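K.L.:
Before anything else, here's the structure in question.
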Amino acid sequence: MNDIAVPAALLPSYREQSPAVRTRFDSLKAREVMLTVSHLHKNFETPGKTTVALKDINFSTHRREFLCVVGPSGCGKSTLARILAGLEEHSAGDVLLQGRPVTGPGSDRGMVFQGYTLFPWLTVKNNVMFGLEVNGHGKLESERESMQWLQLIGLEKFADAYPHQLSGGMKQRVAIVRALANQPRILLMDEPFGALDAQTRCRMQAHLLEIWRKIDITIIFITHDLDEAIFLADRILVLSAHPGEVQELIEVPVPRPRSVAQFVSPEFLTTKARLEELIHFGQQVPEEEQEQEDYPILARMTNVTDNVE
Amino acid sequence: MSKPRWLRILRPLSPHARFVIGIASFVLPLALWGIVSYVPVVWHPQVLITDPGSVSYLDVGAHMERAAFESEVADARHEGRAPPKGVAANPIYLPSPGEVLKAFYTSFKTPPPTKDGQWLHQSLWHSIQIIFWGFVISSVFGVPLGILCGAYAAIARLSEPFVEFFRYLPAPAFGALAVAILGIYDGPKIAIIVIGTFFQQVLIIANTTRKLDPALLEAALTLGTRSRQLLTRVVIPGILPDLYRDQRILLGWAWTYLIVAELIGTTSGITWFITQQARYQHFANVYAAIAMIGIIGLGIDMLLALLGRRLFPWDRSLAKTA
């Protein structure tokens, strides 16, 4: 992260949008609503204690929107993704995909996980074919489509390789097209680049935007990396922790197409300043956790005689 | 000072060192056996009579304790009789490596002592069949049940406490019962192998199934896999290399039950050969037959390991260990 301290007064407000950006948002909001989450609650029951993980979450996304979800650790953003995917049940509220309630996992919502979840016993091509085959597509058709997807990400040469022969970035590219091959309405991504090194991560972000531009897909992207969120998102849903609540839904004023050069643009910096304000200062840390964060002041060891700072 | 690589903790060996040390693993016990057999000052508690001299009860080729022999010699000398002569020898139950090596060949060439007896290769083949059927029958039930236990908590809870109890019952304890139910021939022998293998098999395979990464199941679910497809499309292929490894270990287990199993009812197979040869004090043949069991067991396991690498090219752990 490039934490450049710029006095907030010198930056424009993150709410200010250039005409081009405003037009983009207008057309985005004019598109039909893809996913609606209303009054969503999630409680974890442990013996003698109920932990509220998510409290009254409300938001909706439009078709072909790129929505990022950020928040401090423990804000339940992964839980939110898992509920949307149908992998976890919610305690109250509604999740509607194009008006139909989500009751369990299904091929209309693809998911990419942080860990590498390619099937190790299948070749790259067969991994991409998996979703098509379990949904009743014929083998030949699945194979043809799978090759097209691999061409899209430039991995057709690795069609017959096994996942263990791929690098981390390549694995996640395959995982993305494996999810997309089903032609889901929504792609859920739970910190998908979290395990990658910084350079690969940067390339994957650009790559993901490229894929998103080319196909009709709505993306909900969970991350704790604020730069990543601003770089990728149309809008950013900011959650607070304990319990996980929506703090703000920010419309990113950074124009598209995005490039690395924009990381130091005023729009980018003001958005980041706002996000940091919300995440680092805007929340009250419960007392028991605050105590853990107080590290003891160390006395200098007697055999240390010079200063390093 | 840097320690040699092979003395460092958790460091893999170089291929050369692996080979040399692997050979040593067999050479060392053989060398020890050779020293005990061929160096007369080591052990050799008995004397092999080469000339009975004036001692009437001694024959050429008889073994006797060294102390008794020496007192006979002293007595004869004292009384002016011809003393017996002999060479230091080990007890008859410890033949030398050379004799056992020779027995590997001769035991196959020796006709059975009785007319209805079996040649060694027939005995071995019979034993292999017993193992094979015992293991197949156990696997036909044990593998699916193990997978189901691993996959469904309710099935596990229903069967595992009982299986857990049953696996502590020693399989040979069921010998008499097996004979009463299945007769005296191959039936009870196969049954003992099944009892000895099955219960371990269920628990081991259930555990292997539980170790499957749940993220793979979730990934499959988000790709639209229905729950009944999960078992065949994710669980079984996902655990297959580990399952195969478990089966190899369990097959080794089955071999250890072989001798006990073959003693039940009419003694048969390699056990019959061993007991026959021991009765005639052909201990070299006994050792050869026991070693053959080891060689066949290890040989089959190595073949299966090789086959496993062919079958599961994606499996990383197999490439590392085998």
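Just remember, in the structure tokens the first chain shown is A, the second B, etc., residues are 1-based per chain, and ligands are 1-based in the order shown.
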Specify as a PyMOL selection string all residues of chain A found within 7 Å of chain B, counting only C-alpha atoms.

P.N.:
chain A and resi 85+105-107+109-111+117+119-121+131+134-135+162+179

K.L.:
With DSSP run on the backbone, what are the strand (DSSP E) residues within stretch 70-148 of chain A? I'd like them as a list in words.

P.N.:
Val70, Ala92, Gly93, Asp94, Val95, Leu96, Leu97, Arg100, Pro101, Arg109, Gly110, Met111 and Val112 of chain A

K.L.:
Could you turn the residues from that selection into a file that holds C-alpha atoms, as an mmCIF file, in the first residue's frame?

P.N.:
```cif
data_model
loop_
_atom_site.group_PDB
_atom_site.id
_atom_site.type_symbol
_atom_site.label_atom_id
_atom_site.label_comp_id
_atom_site.auth_asym_id
_atom_site.auth_seq_id
_atom_site.Cartn_x
_atom_site.Cartn_y
_atom_site.Cartn_z
ATOM 1 C CA VAL A 70 -14.147 -3.844 1.955
ATOM 2 C CA ALA A 92 -32.970 -13.174 8.512
ATOM 3 C CA GLY A 93 -33.616 -10.975 5.518
ATOM 4 C CA ASP A 94 -33.674 -11.564 1.780
ATOM 5 C CA VAL A 95 -31.156 -12.195 -0.961
ATOM 6 C CA LEU A 96 -32.803 -11.854 -4.355
ATOM 7 C CA LEU A 97 -31.062 -12.660 -7.609
ATOM 8 C CA ARG A 100 -35.721 -14.833 -7.124
ATOM 9 C CA PRO A 101 -34.629 -15.729 -3.593
ATOM 10 C CA ARG A 109 -23.642 -17.560 -9.138
ATOM 11 C CA GLY A 110 -20.021 -18.391 -9.782
ATOM 12 C CA MET A 111 -17.440 -18.140 -7.033
ATOM 13 C CA VAL A 112 -13.682 -17.758 -6.912
#
```

K.L.:
For A:Ala161, which residue among A:Leu187, A:Leu122, A:Leu84, A:Leu196 is the nearest when counting only C-alpha atoms?

P.N.:
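Once distances to A:Ala161 are computed over only C-alpha atoms, the minimum belongs to A:Leu122.
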
K.L.:
Using only C-alpha atoms, which residues sit within 10 Å of A:Tyr14 once same-chain residues fewer than 4 positions away are excluded, as an MDAnalysis selection string?

P.N.:
chainID A and resid 250:254 266:275

K.L.:
For B:Ala191, find every residue with an atom within 12 Å (counting only C-alpha atoms), except residues of its own chain fewer than 2 positions away, and show them as a PyMOL selection string.

P.N.:
chain B and resi 130-138+171-189+193-198+254+257-258+260-262+264-265

K.L.:
Would you mind listing what lies within 12 Å of stretch 160-165 of chain B as a list in words, with only C-alpha atoms counted and same-chain residues fewer than 5 positions away left out?

P.N.:
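Close residues of stretch 160-165 of chain B: Gly142, Leu145, Gly146, Leu148, Cys149, Gly150, Tyr152, Ala153, Ala154, Ile155, Pro170, Ile195, Gly196, Thr197, Phe198, Phe199, Gln200, Gln201, Val202, Leu203, Ile204, Ile205, Ala206 and Asn207 of chain B.
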
K.L.:
Contacts of stretch 145-151 of chain A at 12 Å or less, counting only C-alpha atoms, minus same-chain residues fewer than 3 places along, as a PyMOL selection string?

P.N.:
chain A and resi 123-133+137-142+154-160+170-171+173-183+211+214-215

K.L.:
List the spatial neighbours of stretch 104-115 of chain B as a PyMOL selection string - criterion: any atom at most 9 Å away, only C-alpha atoms, same-chain residues fewer than 2 positions off excluded.

P.N.:
chain B and resi 99-102+117-121+273+276+284-285+287-289+292

K.L.:
Restricting it to C-alpha atoms, dump the selection as an mmCIF file, in the first residue's frame.

P.N.:
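Saved result, part.cif, follows:
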```cif
data_model
loop_
_atom_site.group_PDB
_atom_site.id
_atom_site.type_symbol
_atom_site.label_atom_id
_atom_site.label_comp_id
_atom_site.auth_asym_id
_atom_site.auth_seq_id
_atom_site.Cartn_x
_atom_site.Cartn_y
_atom_site.Cartn_z
ATOM 1 C CA GLU B 99 22.171 -72.690 3.505
ATOM 2 C CA VAL B 100 19.010 -70.579 3.378
ATOM 3 C CA LEU B 101 20.011 -69.145 0.011
ATOM 4 C CA LYS B 102 20.478 -72.676 -1.297
ATOM 5 C CA GLY B 117 1.150 -83.002 -0.345
ATOM 6 C CA GLN B 118 1.839 -79.878 -2.352
ATOM 7 C CA TRP B 119 4.954 -78.552 -3.993
ATOM 8 C CA LEU B 120 6.193 -75.226 -2.634
ATOM 9 C CA HIS B 121 4.964 -73.212 -5.589
ATOM 10 C CA PHE B 273 4.857 -75.992 4.044
ATOM 11 C CA GLN B 276 5.971 -79.617 7.561
ATOM 12 C CA ALA B 284 16.776 -73.669 6.037
ATOM 13 C CA ASN B 285 13.551 -74.322 4.118
ATOM 14 C CA TYR B 287 13.610 -69.556 6.718
ATOM 15 C CA ALA B 288 13.432 -69.553 2.949
ATOM 16 C CA ALA B 289 9.637 -69.847 3.030
ATOM 17 C CA MET B 292 9.499 -65.620 0.428
#
```

K.L.:
When distances are computed from only C-alpha atoms, which of B:Val47, B:Leu263, B:Val36, B:Leu304 shows the smallest separation from B:Glu72?

P.N.:
B:Val47

K.L.:
Please identify the helix (DSSP H, G or I) residues within stretch 19-194 of chain B (assignment by DSSP from backbone atoms) and present them as an MDAnalysis selection string.

P.N.:
chainID B and resid 19:38 66:79 97:109 120:151 153:166 171:182 186:194

K.L.:
Hey, which of A:Glu276, A:Glu191, A:Glu16, A:Glu210 ends up closest to A:Val238? Count only C-alpha atoms.

P.N.:
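Looking only at the distances to A:Val238, the closest residue turns out to be A:Glu276.
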
K.L.:
Could you work out how far atom CA of A:Ala233 lies from atom CA of A:Leu67, giving the answer in Å with one decimal?

P.N.:
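Answer for the atom CA of A:Leu67 to atom CA of A:Ala233 separation: 5.3 Å.
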
K.L.:
Would you mind reading off the distance between atom CA of A:Ala30 and atom CA of A:Asp56, one decimal, in Å?

P.N.:
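Distance between the two atoms: 25.4 Å.
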